[in-house]
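Chemist: Provided below: coords02.pdb, containing PDB, C-alpha atoms.
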```pdb
MODEL        1
ATOM      1  CA  MET A   1     -48.557  -0.952 -23.205
ATOM      2  CA  TYR A   2     -51.034   1.889 -23.616
ATOM      3  CA  SER A   3     -53.551   3.332 -26.026
ATOM      4  CA  GLY A   4     -54.055   7.081 -26.077
ATOM      5  CA  VAL A   5     -56.572   7.098 -28.946
ATOM      6  CA  SER A   6     -60.014   5.490 -28.983
ATOM      7  CA  GLY A   7     -60.649   2.725 -31.474
ATOM      8  CA  LEU A   8     -57.083   1.532 -31.932
ATOM      9  CA  ALA A   9     -56.817  -2.130 -32.844
ATOM     10  CA  THR A  10     -53.645  -2.616 -30.804
ATOM     11  CA  CYS A  11     -51.898  -0.944 -27.887
ATOM     12  CA  VAL A  12     -48.607   0.918 -28.169
ATOM     13  CA  ASP A  13     -45.446  -0.290 -26.447
ATOM     14  CA  CYS A  14     -43.767   1.925 -23.888
ATOM     15  CA  VAL A  15     -40.452   2.994 -25.405
ATOM     16  CA  ALA A  16     -37.195   1.382 -24.314
ATOM     17  CA  GLY A  17     -36.091   2.865 -21.011
ATOM     18  CA  LYS A  18     -39.657   3.123 -19.726
ATOM     19  CA  TYR A  19     -41.989   0.547 -18.182
ATOM     20  CA  LEU A  20     -45.599  -0.025 -17.164
ATOM     21  CA  THR A  21     -46.305  -2.595 -14.490
ATOM     22  CA  ASP A  22     -50.106  -2.783 -14.465
ATOM     23  CA  ASP A  23     -51.248  -6.027 -16.092
ATOM     24  CA  ALA A  24     -54.560  -4.988 -17.700
ATOM     25  CA  THR A  25     -56.426  -4.276 -14.455
ATOM     26  CA  ALA A  26     -57.624  -0.742 -15.206
ATOM     27  CA  THR A  27     -57.858   1.341 -18.372
ATOM     28  CA  GLU A  28     -56.763   4.453 -16.499
ATOM     29  CA  PHE A  29     -53.294   2.959 -16.214
ATOM     30  CA  HIS A  30     -53.022   2.480 -19.976
ATOM     31  CA  ASP A  31     -54.709   5.459 -21.593
ATOM     32  CA  ASP A  32     -51.742   7.800 -22.092
ATOM     33  CA  GLU A  33     -48.051   7.661 -22.929
ATOM     34  CA  SER A  34     -47.356   9.297 -19.557
ATOM     35  CA  ASP A  35     -48.473   6.070 -17.878
ATOM     36  CA  CYS A  36     -45.100   4.706 -18.969
ATOM     37  CA  SER A  37     -42.574   5.474 -16.225
ATOM     38  CA  LEU A  38     -38.845   6.057 -16.560
ATOM     39  CA  CYS A  39     -36.685   3.433 -14.925
ATOM     40  CA  ASP A  40     -35.008   4.512 -11.695
ATOM     41  CA  ALA A  41     -31.357   5.512 -11.717
ATOM     42  CA  GLY A  42     -29.169   2.442 -12.046
ATOM     43  CA  HIS A  43     -31.832   0.558 -14.025
ATOM     44  CA  HIS A  44     -32.662  -0.163 -17.657
ATOM     45  CA  THR A  45     -35.045  -2.182 -19.874
ATOM     46  CA  ASN A  46     -32.404  -4.001 -21.923
ATOM     47  CA  SER A  47     -33.333  -1.891 -24.966
ATOM     48  CA  SER A  48     -36.754  -3.575 -24.995
ATOM     49  CA  ALA A  49     -39.938  -1.660 -25.739
ATOM     50  CA  GLY A  50     -43.087  -2.679 -23.894
ATOM     51  CA  ALA A  51     -41.275  -3.569 -20.674
ATOM     52  CA  ALA A  52     -43.271  -4.403 -17.564
ATOM     53  CA  ASN A  53     -40.334  -3.712 -15.260
ATOM     54  CA  CYS A  54     -36.723  -2.538 -15.234
ATOM     55  CA  ASN A  55     -33.484  -4.431 -14.659
ATOM     56  CA  GLY A  56     -30.693  -3.217 -12.406
ATOM     57  CA  CYS A  57     -27.217  -2.451 -13.703
ATOM     58  CA  SER A  58     -24.952  -5.387 -12.864
ATOM     59  CA  ALA A  59     -22.833  -5.434  -9.713
ATOM     60  CA  GLY A  60     -19.571  -3.689 -10.535
ATOM     61  CA  LYS A  61     -21.471  -1.076 -12.539
ATOM     62  CA  TYR A  62     -23.637   1.940 -11.797
ATOM     63  CA  SER A  63     -25.686   4.692 -13.380
ATOM     64  CA  GLU A  64     -26.637   8.010 -11.829
ATOM     65  CA  ASN A  65     -29.557   8.259 -14.266
ATOM     66  CA  PRO A  66     -32.033   5.885 -15.954
ATOM     67  CA  VAL A  67     -30.489   4.158 -18.973
ATOM     68  CA  VAL A  68     -31.815   2.173 -21.919
ATOM     69  CA  GLU A  69     -29.573  -0.918 -21.794
ATOM     70  CA  GLU A  70     -26.929  -2.691 -19.728
ATOM     71  CA  ALA A  71     -24.165  -1.351 -21.970
ATOM     72  CA  ASP A  72     -25.072   2.155 -20.818
ATOM     73  CA  CYS A  73     -24.245   1.246 -17.218
ATOM     74  CA  ILE A  74     -20.785   2.449 -16.206
ATOM     75  CA  ILE A  75     -18.095   0.214 -14.701
ATOM     76  CA  CYS A  76     -16.822   1.551 -11.383
ATOM     77  CA  ASP A  77     -13.583   3.508 -11.541
ATOM     78  CA  SER A  78     -10.303   2.489  -9.898
ATOM     79  CA  GLY A  79     -10.524   2.376  -6.113
ATOM     80  CA  LYS A  80     -14.287   1.733  -6.188
ATOM     81  CA  TYR A  81     -16.786  -1.150  -6.281
ATOM     82  CA  SER A  82     -20.541  -1.837  -6.217
ATOM     83  CA  LEU A  83     -22.014  -4.888  -4.532
ATOM     84  CA  GLU A  84     -25.628  -4.762  -5.635
ATOM     85  CA  GLU A  85     -27.499  -4.631  -8.901
ATOM     86  CA  GLY A  86     -29.127  -1.288  -9.662
ATOM     87  CA  SER A  87     -26.490   0.860  -7.974
ATOM     88  CA  LYS A  88     -26.668   4.613  -8.446
ATOM     89  CA  GLY A  89     -23.012   4.976  -7.483
ATOM     90  CA  CYS A  90     -19.960   3.010  -6.402
ATOM     91  CA  LEU A  91     -18.488   2.551  -2.941
ATOM     92  CA  ASP A  92     -14.960   3.614  -2.019
ATOM     93  CA  CYS A  93     -12.361   1.009  -1.143
ATOM     94  CA  PRO A  94     -11.293   1.814   2.438
ATOM     95  CA  ALA A  95      -7.944   3.338   3.367
ATOM     96  CA  GLY A  96      -5.328   0.607   3.618
ATOM     97  CA  THR A  97      -6.511  -1.019   0.385
ATOM     98  CA  PHE A  98      -6.307  -0.329  -3.332
ATOM     99  CA  LEU A  99      -8.078  -1.339  -6.536
ATOM    100  CA  GLN A 100      -6.021  -0.715  -9.643
ATOM    101  CA  ASP A 101      -8.371  -1.583 -12.515
ATOM    102  CA  ALA A 102      -9.578   1.618 -14.192
ATOM    103  CA  ALA A 103     -13.115   0.649 -15.252
ATOM    104  CA  THR A 104     -12.127  -2.047 -17.758
ATOM    105  CA  ASP A 105     -13.873  -5.087 -16.233
ATOM    106  CA  LYS A 106     -16.913  -5.090 -13.924
ATOM    107  CA  GLY A 107     -15.628  -8.363 -12.448
ATOM    108  CA  PHE A 108     -12.854  -6.416 -10.730
ATOM    109  CA  HIS A 109     -15.380  -4.112  -9.031
ATOM    110  CA  ASP A 110     -18.278  -6.305  -7.891
ATOM    111  CA  GLN A 111     -17.268  -7.205  -4.336
ATOM    112  CA  GLU A 112     -15.472  -5.585  -1.430
ATOM    113  CA  SER A 113     -12.703  -8.189  -1.577
ATOM    114  CA  ASP A 114     -11.667  -6.641  -4.903
ATOM    115  CA  CYS A 115     -10.126  -3.957  -2.688
ATOM    116  CA  VAL A 116      -6.713  -5.430  -1.889
ATOM    117  CA  VAL A 117      -4.825  -4.734   1.335
ATOM    118  CA  CYS A 118      -1.472  -3.087   0.658
ATOM    119  CA  SER A 119       1.608  -5.284   0.723
ATOM    120  CA  HIS A 120       4.575  -4.846   3.068
ATOM    121  CA  GLY A 121       6.266  -1.470   2.924
ATOM    122  CA  LYS A 122       3.146   0.254   1.561
ATOM    123  CA  TYR A 123       0.074   2.135   2.772
ATOM    124  CA  THR A 124      -2.897   4.231   1.607
ATOM    125  CA  SER A 125      -4.223   6.946   3.886
ATOM    126  CA  ALA A 126      -7.115   7.918   1.598
ATOM    127  CA  PRO A 127     -10.133   5.869   0.471
ATOM    128  CA  ALA A 128     -10.700   4.975  -3.203
ATOM    129  CA  SER A 129      -6.997   4.555  -3.923
ATOM    130  CA  PRO A 130      -5.844   3.033  -7.232
ATOM    131  CA  PHE A 131      -2.453   2.143  -5.735
ATOM    132  CA  CYS A 132      -0.546   2.088  -2.445
ATOM    133  CA  SER A 133       2.239   4.495  -1.508
ATOM    134  CA  ASP A 134       5.715   3.370  -0.486
ATOM    135  CA  CYS A 135       6.980   3.968   3.020
ATOM    136  CA  ALA A 136       9.799   6.511   2.850
ATOM    137  CA  VAL A 137      13.473   5.655   3.161
ATOM    138  CA  GLY A 138      14.475   5.209   6.774
ATOM    139  CA  LYS A 139      11.200   3.456   7.525
ATOM    140  CA  TYR A 140       9.665  -0.006   7.137
ATOM    141  CA  LEU A 141       6.313  -1.782   7.334
ATOM    142  CA  GLU A 142       6.437  -5.506   8.014
ATOM    143  CA  ASP A 143       2.801  -6.629   7.613
ATOM    144  CA  ASN A 144       2.267  -8.185   4.183
ATOM    145  CA  ALA A 145      -1.374  -7.546   3.195
ATOM    146  CA  VAL A 146      -2.799  -9.184   6.329
ATOM    147  CA  ASP A 147      -4.303  -6.405   8.460
ATOM    148  CA  ILE A 148      -5.819  -3.317   6.812
ATOM    149  CA  LEU A 149      -5.216  -1.317  10.004
ATOM    150  CA  ASN A 150      -1.481  -1.736   9.489
ATOM    151  CA  HIS A 151      -1.667   0.044   6.118
ATOM    152  CA  ASP A 152      -4.175   2.898   6.493
ATOM    153  CA  SER A 153      -1.805   5.693   7.522
ATOM    154  CA  GLU A 154       1.722   6.907   6.843
ATOM    155  CA  GLU A 155       2.236   6.506  10.571
ATOM    156  CA  ASP A 156       2.107   2.737  10.034
ATOM    157  CA  CYS A 157       5.574   3.105   8.513
ATOM    158  CA  ILE A 158       8.035   2.697  11.378
ATOM    159  CA  ILE A 159      11.433   4.380  11.683
ATOM    160  CA  CYS A 160      14.265   1.860  11.761
ATOM    161  CA  ALA A 161      15.584   0.896  15.180
ATOM    162  CA  THR A 162      19.117   1.407  16.485
ATOM    163  CA  GLY A 163      21.730  -0.412  14.461
ATOM    164  CA  LYS A 164      19.586  -0.422  11.302
ATOM    165  CA  TYR A 165      18.814   1.621   8.183
ATOM    166  CA  ALA A 166      16.589   1.445   5.088
ATOM    167  CA  ALA A 167      18.053   2.958   1.915
ATOM    168  CA  ALA A 168      15.119   1.954  -0.327
ATOM    169  CA  THR A 169      11.463   2.983  -0.254
ATOM    170  CA  GLY A 170       8.711   0.437   0.383
ATOM    171  CA  THR A 171      10.782  -1.960   2.451
ATOM    172  CA  SER A 172       9.483  -4.635   4.807
ATOM    173  CA  ALA A 173      12.539  -4.641   7.070
ATOM    174  CA  CYS A 174      15.549  -2.498   7.814
ATOM    175  CA  THR A 175      19.131  -3.541   7.142
ATOM    176  CA  ILE A 176      21.575  -4.062  10.004
ATOM    177  CA  CYS A 177      24.718  -1.957   9.835
ATOM    178  CA  GLY A 178      27.703  -3.810   8.455
ATOM    179  CA  SER A 179      30.994  -4.750  10.065
ATOM    180  CA  GLY A 180      32.987  -1.893  11.538
ATOM    181  CA  THR A 181      29.908   0.337  11.954
ATOM    182  CA  TYR A 182      27.071   1.152  14.372
ATOM    183  CA  LEU A 183      24.016   3.437  14.595
ATOM    184  CA  VAL A 184      22.809   4.837  17.909
ATOM    185  CA  ASP A 185      19.630   6.830  17.063
ATOM    186  CA  LEU A 186      16.611   5.412  18.912
ATOM    187  CA  ALA A 187      14.180   5.615  15.957
ATOM    188  CA  THR A 188      13.630   9.349  16.453
ATOM    189  CA  ASN A 189      14.361  10.582  12.928
ATOM    190  CA  ALA A 190      14.012   8.672   9.658
ATOM    191  CA  SER A 191      16.706  10.815   8.050
ATOM    192  CA  LEU A 192      19.206   9.235  10.438
ATOM    193  CA  HIS A 193      18.363   5.785   9.061
ATOM    194  CA  ASP A 194      17.912   6.377   5.322
ATOM    195  CA  GLU A 195      21.304   5.340   3.932
ATOM    196  CA  GLU A 196      24.175   3.041   4.775
ATOM    197  CA  THR A 197      26.451   5.978   5.581
ATOM    198  CA  ASP A 198      24.226   6.756   8.573
ATOM    199  CA  CYS A 199      26.046   3.872  10.220
ATOM    200  CA  THR A 200      29.017   5.425  12.039
ATOM    201  CA  ARG A 201      32.397   3.827  11.537
ATOM    202  CA  CYS A 202      34.345   2.606  14.559
ATOM    203  CA  ILE A 203      37.235   4.938  15.295
ATOM    204  CA  ALA A 204      40.785   3.921  14.475
ATOM    205  CA  GLY A 205      42.140   1.515  17.070
ATOM    206  CA  LYS A 206      38.847  -0.359  17.367
ATOM    207  CA  TYR A 207      37.030  -3.037  15.338
ATOM    208  CA  LEU A 208      33.592  -4.605  14.997
ATOM    209  CA  GLU A 209      33.561  -8.046  13.400
ATOM    210  CA  ASP A 210      29.831  -8.845  13.058
ATOM    211  CA  ASP A 211      28.692  -8.201   9.494
ATOM    212  CA  GLY A 212      25.008  -7.313   9.817
ATOM    213  CA  THR A 213      23.680 -10.431  11.545
ATOM    214  CA  ASP A 214      22.734  -9.003  14.972
ATOM    215  CA  SER A 215      21.542  -5.411  15.408
ATOM    216  CA  ALA A 216      22.387  -5.566  19.116
ATOM    217  CA  LEU A 217      26.047  -5.647  18.064
ATOM    218  CA  HIS A 218      25.680  -2.387  16.109
ATOM    219  CA  ASP A 219      23.565  -0.146  18.357
ATOM    220  CA  GLU A 220      26.217   1.730  20.362
ATOM    221  CA  GLU A 221      29.809   2.893  20.139
ATOM    222  CA  GLY A 222      30.681   0.391  22.831
ATOM    223  CA  ASP A 223      30.152  -2.405  20.299
ATOM    224  CA  CYS A 224      33.494  -1.345  18.816
ATOM    225  CA  THR A 225      36.290  -3.187  20.628
ATOM    226  CA  ILE A 226      39.825  -1.862  21.192
ATOM    227  CA  CYS A 227      42.441  -3.941  19.412
ATOM    228  CA  ALA A 228      44.372  -6.509  21.411
ATOM    229  CA  SER A 229      48.125  -6.463  21.965
ATOM    230  CA  GLY A 230      50.183  -6.754  18.810
ATOM    231  CA  LYS A 231      47.417  -5.260  16.636
ATOM    232  CA  TYR A 232      46.213  -1.917  15.300
ATOM    233  CA  GLY A 233      43.097  -0.850  13.436
ATOM    234  CA  SER A 234      42.036   1.725  10.865
ATOM    235  CA  ILE A 235      38.684   3.574  10.837
ATOM    236  CA  GLY A 236      35.725   1.207  10.340
ATOM    237  CA  ALA A 237      37.818  -1.919  10.794
ATOM    238  CA  THR A 238      36.221  -5.356  10.684
ATOM    239  CA  LEU A 239      39.308  -6.873  12.295
ATOM    240  CA  CYS A 240      42.537  -5.438  13.611
ATOM    241  CA  THR A 241      45.771  -5.827  11.679
ATOM    242  CA  ASP A 242      48.788  -7.655  13.095
ATOM    243  CA  CYS A 243      51.968  -5.692  13.604
ATOM    244  CA  GLU A 244      54.523  -6.818  11.050
ATOM    245  CA  ASN A 245      57.157  -9.365  11.992
ATOM    246  CA  GLY A 246      59.810  -7.921  14.242
ATOM    247  CA  LYS A 247      57.533  -5.331  15.812
ATOM    248  CA  TYR A 248      55.303  -5.421  18.868
ATOM    249  CA  LEU A 249      52.568  -3.504  20.651
ATOM    250  CA  THR A 250      52.149  -4.182  24.356
ATOM    251  CA  ASP A 251      48.823  -2.495  25.193
ATOM    252  CA  ASP A 252      46.117  -5.155  25.378
ATOM    253  CA  GLY A 253      42.811  -3.467  24.561
ATOM    254  CA  VAL A 254      43.091  -0.674  27.136
ATOM    255  CA  ASP A 255      44.098   2.518  25.329
ATOM    256  CA  VAL A 256      42.604   3.026  21.876
ATOM    257  CA  THR A 257      45.223   5.619  20.987
ATOM    258  CA  ALA A 258      47.861   2.917  21.341
ATOM    259  CA  HIS A 259      46.256   0.993  18.411
ATOM    260  CA  ASP A 260      45.100   3.653  15.937
ATOM    261  CA  GLU A 261      47.945   3.535  13.436
ATOM    262  CA  GLU A 262      50.618   1.221  12.143
ATOM    263  CA  GLY A 263      53.254   3.422  13.761
ATOM    264  CA  ASP A 264      52.091   2.220  17.174
ATOM    265  CA  CYS A 265      53.901  -1.036  16.445
ATOM    266  CA  THR A 266      57.502  -0.617  17.590
TER     267      THR A 266
ENDMDL
END
```
Represent the structure of the file as structure tokens.
Modeler:
Amino acid sequence: MYSGVSGLATCVDCVAGKYLTDDATATEFHDDESDCSLCDAGHHTNSSAGAANCNGCSAGKYSENPVVEEADCIICDSGKYSLEEGSKGCLDCPAGTFLQDAATDKGFHDQESDCVVCSHGKYTSAPASPFCSDCAVGKYLEDNAVDILNHDSEEDCIICATGKYAAATGTSACTICGSGTYLVDLATNASLHDEETDCTRCIAGKYLEDDGTDSALHDEEGDCTICASGKYGSIGATLCTDCENGKYLTDDGVDVTAHDEEGDCT
């Protein structure tokens, strides 16, 4: 409180948003309205006149300027948080994490753990992200929100290995090529692993029985086996077909051209 005029019966309250800490120790601290100081940025007086001190904006909120009441403090935006009362600004969630809430609830912005590590198949390369980005087709990211360092760059998304592809974005694992197919690229180009048709079909006269259970059985052309005697195979065959009754085929898995059409059965 202060009194700028001699002979007043009572002192005047500092207006809301200003304070005066001196507790009646010296008249010089109470003889003019200018003795009332504005609160610092990030602080307020709860709309109260005659305040002796200011209160900080709650954690999860901030104010770049002095304000009159808590309601004037601003909730941090998506991708940001504030740990301490009286913050002048919010901190960025680090790359590899996200915070989706767009300034609706301070409780979603009042601690660093509100920044959530991206789930499998996702990453954020920039700080203050409201969401994570999907790894592109042909790539995968296995870690499921455990290690932030596995989600802080697009380079954390790994190209599928030989024998595998990923046709969807944001996947945690690649799919093994199906029966009758293989894929030889050694994870050099995601575009060679981004759809099922990237798996090459075994040529006619050969077969590959395994149906996507073991990638080691789909990582080279040699995984396709020439049909045995008495059998022939079409392109991309899971199994070879028996020659019809009354016909035979003598070659026993030696010459693929001797098994590449039904007419090879004589």
Chemist: So what do you get for CA of Gly42 in chain A versus CA of Phe108 in chain A, distance-wise?
Modeler: 18.6 Å
Chemist: Write out as a list in words which residues come within 8 Å of Glu221 in chain A when counting all atoms listed in the file, dropping same-chain ones fewer than 4 positions away.
Modeler: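 Answer for this query is Tyr182, Val184 and Cys202 of chain A.
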Chemist: Residues at most 8 Å from Lys139 in chain A, counting only C-alpha atoms, excluding those fewer than 6 positions away in the same chain, as a ChimeraX atom specification?
Modeler: /A:157-160,165-166,169,171,174,190,193-194
Chemist: With C-alpha atoms retained, write the just-selected residues as a PDB file, in the coordinates of the input.
Modeler:
```
ATOM      1  CA  CYS A 157       5.574   3.105   8.513  1.00  0.00           C
ATOM      2  CA  ILE A 158       8.035   2.697  11.378  1.00  0.00           C
ATOM      3  CA  ILE A 159      11.433   4.380  11.683  1.00  0.00           C
ATOM      4  CA  CYS A 160      14.265   1.860  11.761  1.00  0.00           C
ATOM      5  CA  TYR A 165      18.814   1.621   8.183  1.00  0.00           C
ATOM      6  CA  ALA A 166      16.589   1.445   5.088  1.00  0.00           C
ATOM      7  CA  THR A 169      11.463   2.983  -0.254  1.00  0.00           C
ATOM      8  CA  THR A 171      10.782  -1.960   2.451  1.00  0.00           C
ATOM      9  CA  CYS A 174      15.549  -2.498   7.814  1.00  0.00           C
ATOM     10  CA  ALA A 190      14.012   8.672   9.658  1.00  0.00           C
ATOM     11  CA  HIS A 193      18.363   5.785   9.061  1.00  0.00           C
ATOM     12  CA  ASP A 194      17.912   6.377   5.322  1.00  0.00           C
TER      13      ASP A 194
END
```
Chemist: Between range 106-170 of chain A and range 51-68 of chain A, at 10 Å or less, what are the per-residue closest atom pairs and their distances in Å? Count all atoms listed in the file, order by chain and rising residue number, and return it as a tab-separated table.
Modeler:
```
residue	atom	partner	partner_atom	distance
A:Lys106	CA	A:Gly60	CA	4.5
A:Gly107	CA	A:Gly60	CA	6.4
A:Phe108	CA	A:Gly60	CA	7.3
A:His109	CA	A:Gly60	CA	4.5
A:Asp110	CA	A:Gly60	CA	3.9
A:Gln111	CA	A:Gly60	CA	7.5
```
Chemist: Suppose you want the space between CA of Tyr140 in chain A and CA of Ser191 in chain A; what is it in Å?
Modeler: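 Spanning CA of Tyr140 in chain A to CA of Ser191 in chain A is a straight-line distance of 12.9 Å.
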Chemist: Record the distance separating CA of Val256 in chain A and CA of Ile203 in chain A, expressed in Å with one decimal.
Modeler: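 Those two atoms sit 8.7 Å apart.
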Chemist: Evaluate the PyMOL selection byres ((chain A and resi 242) around 6) here and jot the selected residues down as an mmCIF file with C-alpha atoms, in the frame of the given file.
Modeler:
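File result20.cif, as written:
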```cif
data_model
loop_
_atom_site.group_PDB
_atom_site.id
_atom_site.type_symbol
_atom_site.label_atom_id
_atom_site.label_comp_id
_atom_site.auth_asym_id
_atom_site.auth_seq_id
_atom_site.Cartn_x
_atom_site.Cartn_y
_atom_site.Cartn_z
ATOM 1 C CA GLY A 230 50.183 -6.754 18.810
ATOM 2 C CA LYS A 231 47.417 -5.260 16.636
ATOM 3 C CA THR A 241 45.771 -5.827 11.679
ATOM 4 C CA CYS A 243 51.968 -5.692 13.604
#
```
Chemist: So which one's closest to Asp92 in chain A, A:Thr257, A:Ser125, A:Thr104, A:Ser78? Using all atoms listed in the file, please.
Modeler: A:Ser78
Chemist: What would the selection look like, as a PyMOL selection string, if the PyMOL selection byres ((chain A and resi 213) around 9) were run on the coordinates I just shared?
Modeler: chain A and resi 176-178+210-212+214-215+217
Chemist: For the residues in that selection, give me C-alpha atoms as a compact mmCIF listing (two decimals), in the frame of the given file.
Modeler:
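Result went into out-v1.txt, see below:
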```txt
# COMPACT_ATOMS: atom_id res chain seq x y z
CA ILE A 176 21.58 -4.06 10.00
CA CYS A 177 24.72 -1.96 9.84
CA GLY A 178 27.70 -3.81 8.46
CA ASP A 210 29.83 -8.85 13.06
CA ASP A 211 28.69 -8.20 9.49
CA GLY A 212 25.01 -7.31 9.82
CA ASP A 214 22.73 -9.00 14.97
CA SER A 215 21.54 -5.41 15.41
CA LEU A 217 26.05 -5.65 18.06
```
Chemist: Edge lengths and centre in Å to one decimal, as lines of an AutoDock Vina configuration file, is what I'm after for the box along x, y and z that holds all listed atoms of range 85-96 of chain A once 4 Å is added on each side.
Modeler:
```
center_x = -17.2
center_y = 0.2
center_z = -3.0
size_x = 31.8
size_y = 17.6
size_z = 21.3
```
Chemist: Can you tell me which residues surround Tyr232 in chain A at a distance of at most 12 Å, considering only C-alpha atoms, apart from same-chain residues fewer than 6 positions away, and format the answer as a PDB file with C-alpha atoms, in the frame of the given file?
Modeler:
```pdb
ATOM      1  CA  ILE A 203      37.235   4.938  15.295  1.00  0.00           C
ATOM      2  CA  ALA A 204      40.785   3.921  14.475  1.00  0.00           C
ATOM      3  CA  GLY A 205      42.140   1.515  17.070  1.00  0.00           C
ATOM      4  CA  LYS A 206      38.847  -0.359  17.367  1.00  0.00           C
ATOM      5  CA  TYR A 207      37.030  -3.037  15.338  1.00  0.00           C
ATOM      6  CA  THR A 225      36.290  -3.187  20.628  1.00  0.00           C
ATOM      7  CA  ILE A 226      39.825  -1.862  21.192  1.00  0.00           C
ATOM      8  CA  THR A 238      36.221  -5.356  10.684  1.00  0.00           C
ATOM      9  CA  LEU A 239      39.308  -6.873  12.295  1.00  0.00           C
ATOM     10  CA  CYS A 240      42.537  -5.438  13.611  1.00  0.00           C
ATOM     11  CA  THR A 241      45.771  -5.827  11.679  1.00  0.00           C
ATOM     12  CA  ASP A 242      48.788  -7.655  13.095  1.00  0.00           C
ATOM     13  CA  CYS A 243      51.968  -5.692  13.604  1.00  0.00           C
ATOM     14  CA  GLU A 244      54.523  -6.818  11.050  1.00  0.00           C
ATOM     15  CA  LYS A 247      57.533  -5.331  15.812  1.00  0.00           C
ATOM     16  CA  TYR A 248      55.303  -5.421  18.868  1.00  0.00           C
ATOM     17  CA  LEU A 249      52.568  -3.504  20.651  1.00  0.00           C
ATOM     18  CA  THR A 250      52.149  -4.182  24.356  1.00  0.00           C
ATOM     19  CA  ASP A 251      48.823  -2.495  25.193  1.00  0.00           C
ATOM     20  CA  ASP A 252      46.117  -5.155  25.378  1.00  0.00           C
ATOM     21  CA  GLY A 253      42.811  -3.467  24.561  1.00  0.00           C
ATOM     22  CA  ASP A 255      44.098   2.518  25.329  1.00  0.00           C
ATOM     23  CA  VAL A 256      42.604   3.026  21.876  1.00  0.00           C
ATOM     24  CA  THR A 257      45.223   5.619  20.987  1.00  0.00           C
ATOM     25  CA  ALA A 258      47.861   2.917  21.341  1.00  0.00           C
ATOM     26  CA  HIS A 259      46.256   0.993  18.411  1.00  0.00           C
ATOM     27  CA  ASP A 260      45.100   3.653  15.937  1.00  0.00           C
ATOM     28  CA  GLU A 261      47.945   3.535  13.436  1.00  0.00           C
ATOM     29  CA  GLU A 262      50.618   1.221  12.143  1.00  0.00           C
ATOM     30  CA  GLY A 263      53.254   3.422  13.761  1.00  0.00           C
ATOM     31  CA  ASP A 264      52.091   2.220  17.174  1.00  0.00           C
ATOM     32  CA  CYS A 265      53.901  -1.036  16.445  1.00  0.00           C
ATOM     33  CA  THR A 266      57.502  -0.617  17.590  1.00  0.00           C
TER      34      THR A 266
END
```
Chemist: What would the selection look like, as a PyMOL selection string, if the PyMOL selection byres ((chain A and resi 121) around 6) were run on the coordinates I just shared?
Modeler: chain A and resi 120+122+134-135+140-141+170-172
Chemist: Can you pull out the residues contacting Asp152 in chain A? Cut-off 9 Å, using all atoms listed in the file, and skip same-chain residues under 6 positions away; I want them as a list in words.
Modeler: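 Skipping anything fewer than 6 positions along the chain leaves Pro94, Ala95, Gly96, Thr97, Cys118, Tyr123, Thr124, Ser125, Ala126 and Pro127 of chain A.
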